[in-house]
file my_file28.cif (mmCIF, C-alpha atoms)
data_entry
#
loop_
_atom_site.label_atom_id
_atom_site.label_comp_id
_atom_site.auth_asym_id
_atom_site.auth_seq_id
_atom_site.Cartn_x
_atom_site.Cartn_y
_atom_site.Cartn_z
CA MET A 1 24.27 -2.38 9.51
CA ASN A 2 21.10 -1.54 11.45
CA PRO A 3 17.88 -1.86 9.42
CA THR A 4 16.62 1.41 7.95
CA ALA A 5 13.08 2.28 6.89
CA PHE A 6 14.01 3.75 3.50
CA ILE A 7 11.70 6.32 1.89
CA CYS A 8 11.01 6.50 -1.83
CA ALA A 9 12.04 9.96 -3.02
CA THR A 10 9.54 9.85 -5.91
CA CYS A 11 6.30 9.05 -4.07
CA GLY A 12 7.36 9.50 -0.44
CA THR A 13 6.34 6.00 0.69
CA GLN A 14 8.32 4.45 3.53
CA GLN A 15 9.36 0.80 3.23
CA ALA A 16 9.77 -1.89 5.87
CA PRO A 17 13.18 -1.62 7.64
CA ALA A 18 15.98 -3.35 5.75
CA ALA A 19 19.77 -3.30 5.51
CA ALA A 20 19.65 -1.75 2.03
CA PRO A 21 17.08 0.08 -0.11
CA PRO A 22 14.70 -2.13 -2.10
CA ALA A 23 15.44 -2.66 -5.77
CA THR A 24 12.10 -1.06 -6.71
CA CYS A 25 9.21 0.85 -5.20
CA ALA A 26 5.99 -1.08 -5.78
CA ILE A 27 3.94 2.11 -5.52
CA CYS A 28 5.96 3.79 -8.31
CA GLU A 29 6.08 0.67 -10.48
CA ASP A 30 2.28 0.66 -10.56
CA PRO A 31 1.02 2.38 -13.74
CA ARG A 32 -0.76 5.05 -11.71
CA GLN A 33 2.65 6.38 -10.63
CA TRP A 34 6.04 6.60 -12.36
CA VAL A 35 9.74 5.80 -11.98
CA PRO A 36 12.31 8.49 -12.86
CA ALA A 37 14.38 7.88 -15.99
CA ALA A 38 17.54 7.83 -13.87
CA GLY A 39 16.16 5.07 -11.67
CA GLN A 40 14.50 4.77 -8.30
CA PRO A 41 15.99 7.17 -5.69
CA TRP A 42 15.79 6.55 -1.94
CA THR A 43 16.24 8.66 1.17
CA THR A 44 15.78 8.41 4.94
CA MET A 45 14.02 10.35 7.65
CA GLU A 46 17.35 11.68 8.87
CA ALA A 47 18.33 12.91 5.42
CA LEU A 48 14.95 14.58 4.94
CA ALA A 49 15.31 16.40 8.27
CA ARG A 50 18.58 17.93 7.08
CA ARG A 51 17.04 19.39 3.91
CA HIS A 52 13.38 20.00 4.74
CA ALA A 53 11.14 21.37 7.47
CA ILE A 54 7.46 21.13 8.32
CA GLY A 55 5.44 24.32 7.87
CA TRP A 56 1.98 25.04 9.28
CA ARG A 57 -0.96 27.13 8.08
CA GLU A 58 -4.54 27.56 9.24
CA VAL A 59 -6.69 26.36 6.35
CA ALA A 60 -10.03 27.04 8.08
CA PRO A 61 -11.18 27.40 11.70
CA GLY A 62 -10.41 24.09 13.37
CA LEU A 63 -8.41 22.87 10.38
CA LEU A 64 -4.61 23.15 10.28
CA GLY A 65 -2.43 22.18 7.32
CA CYS A 66 1.12 20.87 7.64
CA GLY A 67 3.46 20.25 4.72
CA MET A 68 7.11 19.93 3.79
CA PHE A 69 9.19 22.91 2.66
CA PRO A 70 10.72 22.75 0.14
CA ASP A 71 8.37 20.33 -1.61
CA PHE A 72 9.16 16.62 -1.52
CA ALA A 73 7.86 13.77 -3.69
CA ILE A 74 4.17 14.39 -4.58
CA ALA A 75 4.15 17.53 -2.38
CA GLN A 76 0.77 16.92 -0.73
CA ARG A 77 0.06 18.49 2.64
CA ALA A 78 -1.68 16.83 5.56
CA LEU A 79 -4.62 18.31 7.49
CA LEU A 80 -5.20 18.21 11.24
CA VAL A 81 -8.93 18.18 11.92
CA ARG A 82 -9.56 19.51 15.43
CA THR A 83 -12.74 18.47 17.23
CA PRO A 84 -13.93 18.51 20.87
CA ALA A 85 -13.64 14.70 20.86
CA GLY A 86 -10.04 14.66 19.57
CA ASN A 87 -7.89 15.41 16.55
CA VAL A 88 -7.71 13.44 13.29
CA LEU A 89 -4.74 13.67 10.93
CA TRP A 90 -5.93 13.46 7.33
CA ASP A 91 -3.34 12.15 4.87
CA CYS A 92 0.35 12.17 5.72
CA VAL A 93 3.71 13.61 4.74
CA ALA A 94 7.10 11.91 4.79
CA LEU A 95 8.90 14.07 7.35
CA LEU A 96 8.16 13.93 11.06
CA ASP A 97 10.43 16.16 13.13
CA PRO A 98 10.59 16.95 16.87
CA ALA A 99 9.01 20.38 16.41
CA THR A 100 5.98 18.85 14.70
CA VAL A 101 5.61 16.27 17.46
CA ALA A 102 5.74 19.02 20.08
CA ILE A 103 3.20 21.21 18.23
CA ILE A 104 0.69 18.41 17.76
CA LYS A 105 1.02 17.18 21.34
CA ALA A 106 0.42 20.74 22.55
CA LEU A 107 -2.76 20.75 20.45
CA GLY A 108 -4.02 17.58 22.12
CA GLY A 109 -2.29 14.87 20.11
CA ILE A 110 -3.89 12.68 17.44
CA SER A 111 -6.77 10.27 18.07
CA ALA A 112 -6.52 8.68 14.62
CA ILE A 113 -4.77 9.02 11.27
CA ALA A 114 -6.92 8.50 8.16
CA ILE A 115 -5.43 8.41 4.67
CA SER A 116 -7.15 8.87 1.33
CA HIS A 117 -5.10 6.43 -0.77
CA PRO A 118 -1.69 4.70 -1.06
CA HIS A 119 0.17 7.63 -2.65
CA TYR A 120 -0.14 9.47 0.68
CA TYR A 121 0.73 6.63 3.07
CA ALA A 122 4.18 8.23 3.43
CA THR A 123 5.68 7.53 6.89
CA MET A 124 2.34 6.77 8.51
CA VAL A 125 3.85 4.16 10.84
CA ASP A 126 6.31 6.68 12.33
CA TRP A 127 3.46 9.14 12.85
CA ALA A 128 1.27 6.48 14.48
CA ARG A 129 4.04 5.46 16.85
CA ALA A 130 4.86 9.05 17.78
CA PHE A 131 1.24 9.77 18.77
CA ASP A 132 0.19 6.26 19.89
CA CYS A 133 -2.80 6.22 17.57
CA PRO A 134 -4.24 3.95 14.86
CA VAL A 135 -3.95 4.46 11.11
CA LEU A 136 -7.29 3.90 9.37
CA LEU A 137 -7.00 2.54 5.81
CA HIS A 138 -9.62 1.03 3.56
CA GLY A 139 -9.18 -2.72 3.28
CA ALA A 140 -9.45 -2.65 -0.52
CA ASP A 141 -5.98 -1.08 -0.63
CA ARG A 142 -4.23 -3.32 1.89
CA LYS A 143 -1.82 -4.76 -0.69
CA TRP A 144 -0.22 -1.30 -1.07
CA VAL A 145 0.99 -1.12 2.54
CA MET A 146 4.77 -1.28 2.21
CA ARG A 147 5.51 -1.16 5.95
CA PRO A 148 3.04 -3.33 7.89
CA ASP A 149 2.49 -2.45 11.55
CA PRO A 150 -0.02 -3.27 14.30
CA ALA A 151 -1.09 0.40 14.32
CA ILE A 152 -2.69 -0.04 10.89
CA ARG A 153 -6.40 -0.83 11.09
CA PHE A 154 -8.29 -1.74 7.94
CA TRP A 155 -11.93 -0.79 7.63
CA GLU A 156 -14.37 -2.29 5.16
CA GLY A 157 -17.55 -1.22 3.41
CA GLU A 158 -18.66 2.23 2.37
CA ARG A 159 -18.61 4.25 5.61
CA HIS A 160 -16.60 4.35 8.83
CA ALA A 161 -17.20 6.65 11.82
CA VAL A 162 -13.97 7.96 13.38
CA LEU A 163 -15.11 10.55 15.94
CA PRO A 164 -18.35 12.48 16.40
CA GLY A 165 -18.66 14.64 13.31
CA VAL A 166 -15.82 12.88 11.45
CA THR A 167 -16.70 10.06 9.06
CA LEU A 168 -14.81 8.28 6.30
CA HIS A 169 -16.51 7.34 3.04
CA ARG A 170 -15.17 5.07 0.31
CA LEU A 171 -15.28 6.98 -2.96
CA GLY A 172 -13.08 4.66 -5.06
CA GLY A 173 -11.95 5.86 -8.46
CA HIS A 174 -8.22 6.56 -8.25
CA PHE A 175 -7.84 3.44 -6.05
CA ALA A 176 -10.47 0.86 -5.13
CA GLY A 177 -10.31 1.99 -1.50
CA GLY A 178 -10.08 5.70 -2.31
CA THR A 179 -11.42 7.52 0.74
CA ILE A 180 -12.74 10.97 1.59
CA LEU A 181 -13.39 12.44 5.05
CA HIS A 182 -16.68 14.16 5.83
CA TRP A 183 -16.36 16.82 8.53
CA ASP A 184 -19.72 17.74 10.04
CA VAL A 185 -19.01 21.24 11.33
CA GLY A 186 -20.73 24.48 10.33
CA ARG A 187 -22.06 23.99 6.80
CA GLY A 188 -19.91 20.90 6.43
CA GLY A 189 -16.78 20.05 4.48
CA ILE A 190 -15.12 17.15 2.72
CA LEU A 191 -11.40 16.38 2.69
CA THR A 192 -10.68 14.64 -0.59
CA GLY A 193 -6.94 14.30 -1.21
CA ASP A 194 -6.89 13.81 -4.95
CA ILE A 195 -9.66 11.22 -5.00
CA ALA A 196 -11.82 14.18 -6.02
CA SER A 197 -9.03 16.59 -6.87
CA VAL A 198 -9.67 20.34 -6.60
CA THR A 199 -8.59 21.95 -9.88
CA PRO A 200 -6.43 25.11 -10.13
CA ASP A 201 -9.47 27.30 -10.84
CA ARG A 202 -10.88 26.28 -7.43
CA GLN A 203 -14.34 26.04 -8.95
CA HIS A 204 -14.25 22.37 -9.97
CA VAL A 205 -12.87 18.99 -9.04
CA SER A 206 -11.74 16.23 -11.35
CA PHE A 207 -11.21 12.51 -11.26
CA MET A 208 -8.44 10.34 -12.71
CA TRP A 209 -7.20 6.79 -12.51
CA SER A 210 -3.65 8.14 -13.00
CA PHE A 211 -2.86 11.82 -12.70
CA PRO A 212 0.82 11.78 -13.78
CA ASN A 213 0.11 9.46 -16.70
CA TRP A 214 -3.17 11.17 -17.72
CA VAL A 215 -5.40 8.08 -17.60
CA PRO A 216 -9.06 9.03 -17.00
CA LEU A 217 -11.74 7.06 -15.21
CA PRO A 218 -14.78 5.64 -17.03
CA ALA A 219 -17.89 7.84 -17.05
CA ALA A 220 -19.87 5.20 -15.17
CA GLU A 221 -17.37 5.20 -12.29
CA VAL A 222 -17.44 8.99 -11.98
CA THR A 223 -21.24 8.93 -12.09
CA ARG A 224 -21.20 6.46 -9.20
CA MET A 225 -18.73 8.65 -7.29
CA GLY A 226 -20.98 11.64 -7.89
CA ALA A 227 -23.91 9.79 -6.32
CA VAL A 228 -21.84 9.11 -3.18
CA LEU A 229 -20.91 12.79 -2.96
CA GLU A 230 -24.49 13.91 -3.59
CA ALA A 231 -25.62 12.05 -0.46
CA LEU A 232 -23.28 14.12 1.76
CA ASP A 233 -23.95 17.59 3.17
CA PHE A 234 -20.97 19.89 2.60
CA ASP A 235 -20.09 23.38 1.51
CA ALA A 236 -16.27 23.34 1.49
CA VAL A 237 -13.90 21.01 -0.36
CA TYR A 238 -10.31 20.62 0.84
CA GLY A 239 -7.98 19.03 -1.72
CA ALA A 240 -4.46 17.67 -1.39
CA TRP A 241 -2.38 20.84 -1.85
CA TRP A 242 -2.21 24.22 -0.14
CA ASP A 243 -4.05 26.21 -2.80
CA ARG A 244 -6.56 23.51 -3.76
CA VAL A 245 -9.53 24.53 -1.59
CA ILE A 246 -13.11 25.44 -2.51
CA PRO A 247 -14.12 27.37 0.64
CA THR A 248 -17.81 27.66 -0.22
CA GLY A 249 -20.19 26.40 -2.90
CA GLY A 250 -18.43 23.04 -2.97
CA LYS A 251 -21.58 20.94 -3.41
CA ALA A 252 -22.60 22.88 -6.52
CA ALA A 253 -19.02 22.74 -7.81
CA MET A 254 -19.04 18.96 -7.37
CA ARG A 255 -22.27 18.60 -9.36
CA ARG A 256 -20.91 20.78 -12.18
CA SER A 257 -17.67 18.84 -12.19
CA VAL A 258 -19.27 15.41 -12.43
CA ALA A 259 -21.52 16.58 -15.28
CA ARG A 260 -18.61 18.19 -17.12
CA TYR A 261 -16.40 15.13 -16.72
CA VAL A 262 -19.07 12.73 -18.00
CA ALA A 263 -19.81 14.99 -20.99
CA ALA A 264 -16.10 15.23 -21.82
CA VAL A 265 -15.43 11.49 -21.84
CA THR A 266 -18.67 10.38 -23.51
CA GLY A 267 -18.76 12.91 -26.35
CA PRO A 268 -19.88 13.51 -28.98
CA GLY A 269 -17.35 16.32 -29.24
CA PRO A 270 -15.39 19.11 -27.53
CA LEU A 271 -16.97 20.96 -24.61
CA GLY A 272 -16.37 24.33 -26.26
CA ASP A 273 -14.50 26.20 -28.98
#

call {"tool": "encode", "arguments": {"input": "my_file28.cif", "output": "structure tokens"}}
result
Amino acid sequence: MNPTAFICATCGTQQAPAAAPPATCAICEDPRQWVPAAGQPWTTMEALARRHAIGWREVAPGLLGCGMFPDFAIAQRALLVRTPAGNVLWDCVALLDPATVAIIKALGGISAIAISHPHYYATMVDWARAFDCPVLLHGADRKWVMRPDPAIRFWEGERHAVLPGVTLHRLGGHFAGGTILHWDVGRGGILTGDIASVTPDRQHVSFMWSFPNWVPLPAAEVTRMGAVLEALDFDAVYGAWWDRVIPTGGKAAMRRSVARYVAAVTGPGPLGD
């Protein structure tokens, strides 16, 4: 049997090619994620292509979203940041089909892929090979790479310039290497995945160590994260899902959110009636 790069159907992470699926998914076994009661399910790129497709939407001028329909695994969508110096793919999805390759190549290809944290690594190696580009990951999360490849480049420290106007910042929190992308265009924007997760009201963000298992972060860590965000100039916040966008007023929303979070976890009591 030819080796297959199996994909976890719970988190969407692709594994190194093997003759059979792994016994477990290390990403899902970690207490930030979860394993279904029926056991760990696996799929392949070919199987996904039979049941899913990639859909596209313009999220903002110069910013295109692409995601899987119907939803798969965590159901995040990726963002293609378009700049005069090249395109950057922010975060990743598990499916990569010929139509998507053709669309992106027609738009100028991808200069680099940057990913917020391990839950969105998905099939990043297939994407990197299709567009002959590097994948930029923070070195603090290197142990979570399930499919090593020469295309993966680890960066260290607190800041990494990708292209003019596109910079990565380590925010931490959800993962030690949790990353956001600062996009210096217009009044500025940040792409946050769920490192600073836009809430359903689209007026706040929130922070968690584990979202599915409802484990919060310490107040001191969120205060530190807030200081990193305060140093950036931005108006818009683009979260991990289609409807999780704060199109304007994002800096004020971030300040309110950090203050609310710290008040909630430090007490002395409920925030309201």

call {"tool": "closest_atom_pairs", "arguments": {"input": "my_file28.cif", "of": "range 90-146 of chain A", "to": "range 228-245 of chain A", "cutoff": "10 Å", "atoms": "all atoms listed in the file", "output": "CSV"}}
result
residue,atom,partner,partner_atom,distance
A:Trp90,CA,A:Ala240,CA,9.8
A:Asp91,CA,A:Ala240,CA,8.4
A:Ser116,CA,A:Ala240,CA,9.6
A:Tyr120,CA,A:Ala240,CA,9.5

call {"tool": "closest_atom_pairs", "arguments": {"input": "my_file28.cif", "of": "range 117-186 of chain A", "to": "range 11-22 of chain A", "cutoff": "6 Å", "atoms": "only C-alpha atoms", "output": "JSON lines"}}
result
{"residue": "A:Ala122", "atom": "CA", "partner": "A:Thr13", "partner_atom": "CA", "distance": 4.1}
{"residue": "A:Thr123", "atom": "CA", "partner": "A:Gln14", "partner_atom": "CA", "distance": 5.3}
{"residue": "A:Met146", "atom": "CA", "partner": "A:Gln15", "partner_atom": "CA", "distance": 5.1}
{"residue": "A:Arg147", "atom": "CA", "partner": "A:Ala16", "partner_atom": "CA", "distance": 4.3}

call {"tool": "closest_residue", "arguments": {"input": "my_file28.cif", "among": "A:Asp194, A:Glu221, A:Glu158, A:Asp97", "to": "Arg50 in chain A", "atoms": "all atoms listed in the file"}}
result
A:Asp97

call {"tool": "resolve_selection", "arguments": {"input": "my_file28.cif", "expression": "the PyMOL selection byres ((chain A and resi 103) around 12)", "output": "PDB file with C-alpha atoms, in the coordinates of the input"}}
result
ATOM      1  CA  ILE A  54       7.460  21.130   8.320  1.00  0.00           C
ATOM      2  CA  GLY A  55       5.440  24.320   7.870  1.00  0.00           C
ATOM      3  CA  TRP A  56       1.980  25.040   9.280  1.00  0.00           C
ATOM      4  CA  LEU A  64      -4.610  23.150  10.280  1.00  0.00           C
ATOM      5  CA  CYS A  66       1.120  20.870   7.640  1.00  0.00           C
ATOM      6  CA  LEU A  80      -5.200  18.210  11.240  1.00  0.00           C
ATOM      7  CA  LEU A  96       8.160  13.930  11.060  1.00  0.00           C
ATOM      8  CA  ASP A  97      10.430  16.160  13.130  1.00  0.00           C
ATOM      9  CA  PRO A  98      10.590  16.950  16.870  1.00  0.00           C
ATOM     10  CA  ALA A  99       9.010  20.380  16.410  1.00  0.00           C
ATOM     11  CA  THR A 100       5.980  18.850  14.700  1.00  0.00           C
ATOM     12  CA  VAL A 101       5.610  16.270  17.460  1.00  0.00           C
ATOM     13  CA  ALA A 102       5.740  19.020  20.080  1.00  0.00           C
ATOM     14  CA  ILE A 104       0.690  18.410  17.760  1.00  0.00           C
ATOM     15  CA  LYS A 105       1.020  17.180  21.340  1.00  0.00           C
ATOM     16  CA  ALA A 106       0.420  20.740  22.550  1.00  0.00           C
ATOM     17  CA  LEU A 107      -2.760  20.750  20.450  1.00  0.00           C
ATOM     18  CA  GLY A 108      -4.020  17.580  22.120  1.00  0.00           C
ATOM     19  CA  GLY A 109      -2.290  14.870  20.110  1.00  0.00           C
ATOM     20  CA  ILE A 110      -3.890  12.680  17.440  1.00  0.00           C
ATOM     21  CA  PHE A 131       1.240   9.770  18.770  1.00  0.00           C
TER      22      PHE A 131
END

call {"tool": "atom_distance", "arguments": {"input": "my_file28.cif", "atom1": "CA of Asp71 in chain A", "atom2": "CA of His52 in chain A"}}
result
8.1 Å

call {"tool": "closest_residue", "arguments": {"input": "my_file28.cif", "among": "A:Ala140, A:Val205, A:Leu63, A:Val265", "to": "Lys251 in chain A", "atoms": "all atoms listed in the file"}}
result
A:Val205

call {"tool": "closest_residue", "arguments": {"input": "my_file28.cif", "among": "A:Tyr121, A:Trp144, A:Phe72, A:Trp127", "to": "Ala53 in chain A", "atoms": "all atoms listed in the file"}}
result
A:Phe72

call {"tool": "residues_around", "arguments": {"input": "my_file28.cif", "residues": "Ala161 in chain A", "least_positions_apart": "5", "cutoff": "10 Å", "atoms": "all atoms listed in the file", "output": "PyMOL selection string"}}
result
chain A and resi 166-169+181-182

call {"tool": "closest_residue", "arguments": {"input": "my_file28.cif", "among": "A:Ile113, A:Ala196, A:Leu95, A:Val185", "to": "Thr83 in chain A", "atoms": "all atoms listed in the file"}}
result
A:Val185

call {"tool": "build_atoms", "arguments": {"input": "my_file28.cif", "residues": "range 239-252 of chain A", "atoms": "N, CA and C atoms", "output": "short mmCIF file (atom, residue, chain, number, x, y, z; two decimals), keeping the file's coordinate frame"}}
result
data_model
loop_
_atom_site.label_atom_id
_atom_site.label_comp_id
_atom_site.auth_asym_id
_atom_site.auth_seq_id
_atom_site.Cartn_x
_atom_site.Cartn_y
_atom_site.Cartn_z
N GLY A 239 -8.77 19.96 -0.92
CA GLY A 239 -7.98 19.03 -1.72
C GLY A 239 -6.63 18.73 -1.09
N ALA A 240 -5.71 18.22 -1.91
CA ALA A 240 -4.46 17.67 -1.39
C ALA A 240 -3.33 18.68 -1.27
N TRP A 241 -3.48 19.87 -1.87
CA TRP A 241 -2.38 20.84 -1.85
C TRP A 241 -2.83 22.17 -1.27
N TRP A 242 -1.90 23.01 -0.88
CA TRP A 242 -2.21 24.22 -0.14
C TRP A 242 -3.27 25.09 -0.82
N ASP A 243 -3.15 25.28 -2.11
CA ASP A 243 -4.05 26.21 -2.80
C ASP A 243 -5.27 25.52 -3.40
N ARG A 244 -5.46 24.25 -3.15
CA ARG A 244 -6.56 23.51 -3.76
C ARG A 244 -7.72 23.37 -2.75
N VAL A 245 -8.41 24.47 -2.53
CA VAL A 245 -9.53 24.53 -1.59
C VAL A 245 -10.69 25.27 -2.26
N ILE A 246 -11.89 24.72 -2.13
CA ILE A 246 -13.11 25.44 -2.51
C ILE A 246 -13.79 25.80 -1.19
N PRO A 247 -13.66 27.04 -0.72
CA PRO A 247 -14.12 27.37 0.64
C PRO A 247 -15.63 27.39 0.78
N THR A 248 -16.35 27.65 -0.28
CA THR A 248 -17.81 27.66 -0.22
C THR A 248 -18.36 27.31 -1.60
N GLY A 249 -19.61 26.81 -1.62
CA GLY A 249 -20.19 26.40 -2.90
C GLY A 249 -19.65 25.08 -3.41
N GLY A 250 -19.06 24.28 -2.53
CA GLY A 250 -18.43 23.04 -2.97
C GLY A 250 -19.40 22.00 -3.50
N LYS A 251 -20.61 21.94 -2.95
CA LYS A 251 -21.58 20.94 -3.41
C LYS A 251 -21.99 21.24 -4.85
N ALA A 252 -22.25 22.51 -5.15
CA ALA A 252 -22.60 22.88 -6.52
C ALA A 252 -21.42 22.65 -7.46
#
